[in-house]
Amino acid sequence: MISYKNIHKAFDIPVLTGVDLTVETGEMFALFGPSGTGKSVLMKTTLSLVVPDLGDVEVDGLSVYEGPSSNLEKIRRKIGYVFQHAALFDSLNVYENVSMGLPEDEISRLTTAELSRRVWETLEIVNLEPREILSKLPSELSGGMKKRVGIARAIVGRPEILLWDEPTTGLDPINTAAVERLIKRLSTELEVTSLLVTHDVEGGLQMCDRVAMLSGGTLRFVGTPQEFKDSPDTVVRAFVDRAAAIAALDMAVV
């Protein structure tokens with residue numbers, strides 16, 4: 001479904017230096033790596049939110065950078081993007097924020113009642129009570145609720161692919177676990193392909209079919225969660241051990 005081909009990107013210094021990666025249709029895939037290794041940068045090349053210096057991305061057979069310009073619009077219609085920190089519009093209420101996830105031409109075809117029903121049903125899917133929050137501004141929501149509204153905006157257009165950019169950043173362990181359960185459920189129920197960028201290694205390993213690790217601008221590992229845990233690679237091993245120690249500390253604090 002998604003194929004990254006020889007992706008290079010530098011911001012003064014190289015961030016990605018020749019990444020090749022394929023995410024299969026229907027797969028739930030996690031991308032790990034220390035901060036600053038280019039995980040989110042790689043994900044953003046999928047939608048041309050970040051343009052690579054070299055390389056191409058194919059989504060469902062359509063080239064993002066080497067095909068006609070019309071490809072990008074078609075690709076963006078297939079994808080829902082869950083931004084880090086939710087990225088809600090502060091001046092818009094929940095109803096308006098979720099509606100922004102629909103293409104303009106689709107909004108123009110829907111009656112007011114149909115649009116309201118679509119937003120209402122989508123909020124229910126992410127375990128929010130529409131009656132209580134539709135008119136609220138982001139500033140009136142808890143961190144966990146903001147995350148769920150951001151997810152609702154990403155899925156309201158019924159995408160084939162979901163890109164999750166650090167969806168649990170800033171949440172406590174209890175809300176992190178709740179959002180991860182939601183991610184797993186939505187990926188299954190909506191029958192989408194999911195690519196997850198996350199610092200929560202334990203959660204990613206539990207949720208995903210395959211995982212990869214970026215290190216030094218290249219892929220250090222690609223395989224199943226069990227293969228990742230059992231990897232003899234010293235860099236992978238150190239990353240797994242550090243992640244496990246941080247998770248244990250978080251739980252002790254709770």
# chains A, B, ... in the order shown; residues from 1 in each chain; ligands from 1
>>> closest_atom_pairs(of="range 114-194 of chain A", to="range 21-29 of chain A", cutoff="7 Å", atoms="only C-alpha atoms", output="Markdown table")
| residue | atom | partner | partner_atom | distance |
| --- | --- | --- | --- | --- |
| A:Glu191 | CA | A:Gly26 | CA | 6.5 |
| A:Val192 | CA | A:Gly26 | CA | 5.5 |
| A:Thr193 | CA | A:Gly26 | CA | 4.3 |
| A:Ser194 | CA | A:Met28 | CA | 4.7 |
>>> write_last_selection(atoms="C-alpha atoms", output="PDB file, in the first residue's frame")
ATOM      1  CA  GLU A 191     -10.069  -2.225   7.666  1.00  0.00           C
ATOM      2  CA  VAL A 192      -7.352   0.326   6.984  1.00  0.00           C
ATOM      3  CA  THR A 193      -3.605   0.196   6.513  1.00  0.00           C
ATOM      4  CA  SER A 194      -1.943   1.888   9.491  1.00  0.00           C
TER       5      SER A 194
END
>>> select_by_dssp(residues="range 8-241 of chain A", states="alpha helix (DSSP H)", output="MDAnalysis selection string")
chainID A and resid 39:45 70:78 94:99 104:109 112:125 130:133 143:155 173:189 201:207 225:230 234:241
>>> closest_residue(among="A:Gln206, A:Gln84, A:Ser91, A:Ser135", to="Leu163 in chain A", atoms="only C-alpha atoms")
A:Gln84
>>> residues_around(residues="Met100 in chain A", least_positions_apart="2", cutoff="10 Å", atoms="only C-alpha atoms", output="compact mmCIF listing (two decimals) with C-alpha atoms, in the first residue's frame")
# COMPACT_ATOMS: atom_id res chain seq x y z
CA LEU A 88 -6.71 21.11 16.38
CA PHE A 89 -7.70 24.60 15.23
CA LEU A 92 -12.95 26.17 15.80
CA VAL A 94 -15.21 20.25 17.87
CA TYR A 95 -17.87 20.01 15.16
CA GLU A 96 -15.93 22.37 12.88
CA ASN A 97 -12.59 20.68 13.58
CA VAL A 98 -13.90 17.23 12.69
CA LEU A 102 -13.73 15.98 4.80
CA PRO A 103 -12.76 17.09 1.28
CA GLU A 104 -14.45 20.34 0.26
CA ILE A 107 -18.88 18.71 2.13
CA ARG A 153 -10.99 14.32 12.07
CA ALA A 154 -8.61 11.81 10.47
CA VAL A 156 -14.35 11.14 9.15
CA GLY A 157 -13.42 10.97 5.45
>>> closest_residue(among="A:Ile155, A:Lys74, A:Ala87, A:Ser142", to="Val119 in chain A", atoms="only C-alpha atoms")
A:Ile155
>>> decode(residues="range 193-241 of chain A", atoms="N, CA and C atoms", output="tab-separated table (two decimals), in the first residue's frame")
chain	number	residue	atom	x	y	z
A	193	THR	N	-5.04	0.38	6.33
A	193	THR	CA	-3.61	0.20	6.51
A	193	THR	C	-3.12	1.29	7.46
A	194	SER	N	-2.39	0.91	8.50
A	194	SER	CA	-1.94	1.89	9.49
A	194	SER	C	-0.42	1.92	9.58
A	195	LEU	N	0.12	3.14	9.58
A	195	LEU	CA	1.54	3.35	9.84
A	195	LEU	C	1.63	4.23	11.08
A	196	LEU	N	2.32	3.72	12.10
A	196	LEU	CA	2.36	4.36	13.41
A	196	LEU	C	3.79	4.77	13.75
A	197	VAL	N	4.00	6.06	13.95
A	197	VAL	CA	5.28	6.56	14.47
A	197	VAL	C	5.10	6.78	15.96
A	198	THR	N	5.94	6.14	16.77
A	198	THR	CA	5.72	6.23	18.21
A	198	THR	C	7.02	6.05	19.00
A	199	HIS	N	7.05	6.69	20.18
A	199	HIS	CA	8.11	6.46	21.15
A	199	HIS	C	7.74	5.32	22.10
A	200	ASP	N	6.45	4.97	22.12
A	200	ASP	CA	5.98	3.92	23.04
A	200	ASP	C	6.22	2.55	22.41
A	201	VAL	N	7.41	2.02	22.66
A	201	VAL	CA	7.82	0.76	22.02
A	201	VAL	C	6.94	-0.39	22.47
A	202	GLU	N	6.67	-0.48	23.77
A	202	GLU	CA	5.87	-1.59	24.27
A	202	GLU	C	4.49	-1.60	23.63
A	203	GLY	N	3.86	-0.43	23.56
A	203	GLY	CA	2.54	-0.34	22.96
A	203	GLY	C	2.57	-0.69	21.48
A	204	GLY	N	3.57	-0.19	20.78
A	204	GLY	CA	3.70	-0.48	19.35
A	204	GLY	C	3.90	-1.96	19.08
A	205	LEU	N	4.71	-2.61	19.91
A	205	LEU	CA	4.96	-4.04	19.72
A	205	LEU	C	3.70	-4.86	19.95
A	206	GLN	N	2.88	-4.42	20.89
A	206	GLN	CA	1.64	-5.15	21.16
A	206	GLN	C	0.61	-4.97	20.06
A	207	MET	N	0.61	-3.81	19.42
A	207	MET	CA	-0.44	-3.49	18.44
A	207	MET	C	-0.14	-3.97	17.04
A	208	CYS	N	1.13	-3.97	16.65
A	208	CYS	CA	1.46	-4.00	15.22
A	208	CYS	C	1.86	-5.38	14.69
A	209	ASP	N	1.66	-5.53	13.38
A	209	ASP	CA	2.04	-6.77	12.69
A	209	ASP	C	3.54	-6.81	12.43
A	210	ARG	N	4.10	-5.67	12.02
A	210	ARG	CA	5.54	-5.55	11.80
A	210	ARG	C	6.02	-4.21	12.33
A	211	VAL	N	7.31	-4.13	12.57
A	211	VAL	CA	7.90	-2.90	13.07
A	211	VAL	C	9.22	-2.65	12.36
A	212	ALA	N	9.66	-1.39	12.39
A	212	ALA	CA	10.96	-1.03	11.85
A	212	ALA	C	11.60	-0.03	12.80
A	213	MET	N	12.92	0.06	12.72
A	213	MET	CA	13.64	1.02	13.54
A	213	MET	C	14.58	1.85	12.68
A	214	LEU	N	14.46	3.18	12.79
A	214	LEU	CA	15.36	4.10	12.11
A	214	LEU	C	16.51	4.46	13.04
A	215	SER	N	17.71	4.48	12.50
A	215	SER	CA	18.88	4.88	13.27
A	215	SER	C	19.93	5.42	12.31
A	216	GLY	N	20.42	6.61	12.60
A	216	GLY	CA	21.45	7.19	11.74
A	216	GLY	C	21.00	7.45	10.33
A	217	GLY	N	19.71	7.71	10.15
A	217	GLY	CA	19.19	8.05	8.83
A	217	GLY	C	18.82	6.88	7.95
A	218	THR	N	19.03	5.66	8.44
A	218	THR	CA	18.71	4.47	7.66
A	218	THR	C	17.92	3.49	8.52
A	219	LEU	N	17.37	2.47	7.88
A	219	LEU	CA	16.64	1.44	8.61
A	219	LEU	C	17.62	0.46	9.25
A	220	ARG	N	17.51	0.32	10.55
A	220	ARG	CA	18.37	-0.61	11.28
A	220	ARG	C	17.73	-1.98	11.39
A	221	PHE	N	16.38	-1.99	11.36
A	221	PHE	CA	15.66	-3.25	11.55
A	221	PHE	C	14.29	-3.17	10.89
A	222	VAL	N	13.84	-4.29	10.30
A	222	VAL	CA	12.46	-4.46	9.83
A	222	VAL	C	12.08	-5.91	10.11
A	223	GLY	N	10.96	-6.12	10.78
A	223	GLY	CA	10.55	-7.49	11.05
A	223	GLY	C	9.36	-7.52	11.99
A	224	THR	N	9.06	-8.70	12.54
A	224	THR	CA	7.93	-8.86	13.45
A	224	THR	C	8.29	-8.33	14.83
A	225	PRO	N	7.29	-8.06	15.67
A	225	PRO	CA	7.57	-7.62	17.03
A	225	PRO	C	8.46	-8.60	17.80
A	226	GLN	N	8.22	-9.90	17.64
A	226	GLN	CA	9.05	-10.87	18.35
A	226	GLN	C	10.48	-10.85	17.85
A	227	GLU	N	10.66	-10.72	16.54
A	227	GLU	CA	12.01	-10.62	16.00
A	227	GLU	C	12.72	-9.38	16.50
A	228	PHE	N	11.98	-8.30	16.68
A	228	PHE	CA	12.56	-7.08	17.21
A	228	PHE	C	13.03	-7.28	18.65
A	229	LYS	N	12.20	-7.92	19.46
A	229	LYS	CA	12.58	-8.19	20.85
A	229	LYS	C	13.80	-9.10	20.94
A	230	ASP	N	13.90	-10.04	20.00
A	230	ASP	CA	14.97	-11.03	20.05
A	230	ASP	C	16.20	-10.64	19.24
A	231	SER	N	16.19	-9.46	18.64
A	231	SER	CA	17.29	-9.06	17.76
A	231	SER	C	18.63	-9.04	18.50
A	232	PRO	N	19.66	-9.63	17.87
A	232	PRO	CA	21.00	-9.60	18.48
A	232	PRO	C	21.75	-8.29	18.20
A	233	ASP	N	21.19	-7.44	17.33
A	233	ASP	CA	21.83	-6.17	17.00
A	233	ASP	C	21.99	-5.33	18.27
A	234	THR	N	23.19	-4.89	18.55
A	234	THR	CA	23.45	-4.17	19.80
A	234	THR	C	22.70	-2.84	19.88
A	235	VAL	N	22.53	-2.14	18.74
A	235	VAL	CA	21.82	-0.88	18.73
A	235	VAL	C	20.34	-1.11	19.02
A	236	VAL	N	19.76	-2.10	18.38
A	236	VAL	CA	18.36	-2.45	18.62
A	236	VAL	C	18.17	-2.89	20.07
A	237	ARG	N	19.09	-3.73	20.55
A	237	ARG	CA	19.01	-4.24	21.92
A	237	ARG	C	19.02	-3.10	22.94
A	238	ALA	N	19.91	-2.13	22.73
A	238	ALA	CA	20.01	-1.00	23.65
A	238	ALA	C	18.74	-0.17	23.62
A	239	PHE	N	18.16	0.00	22.44
A	239	PHE	CA	16.93	0.78	22.31
A	239	PHE	C	15.78	0.07	23.01
A	240	VAL	N	15.66	-1.25	22.84
A	240	VAL	CA	14.60	-2.02	23.48
A	240	VAL	C	14.73	-1.96	25.00
A	241	ASP	N	15.95	-2.13	25.49
A	241	ASP	CA	16.18	-2.13	26.95
A	241	ASP	C	15.86	-0.77	27.55
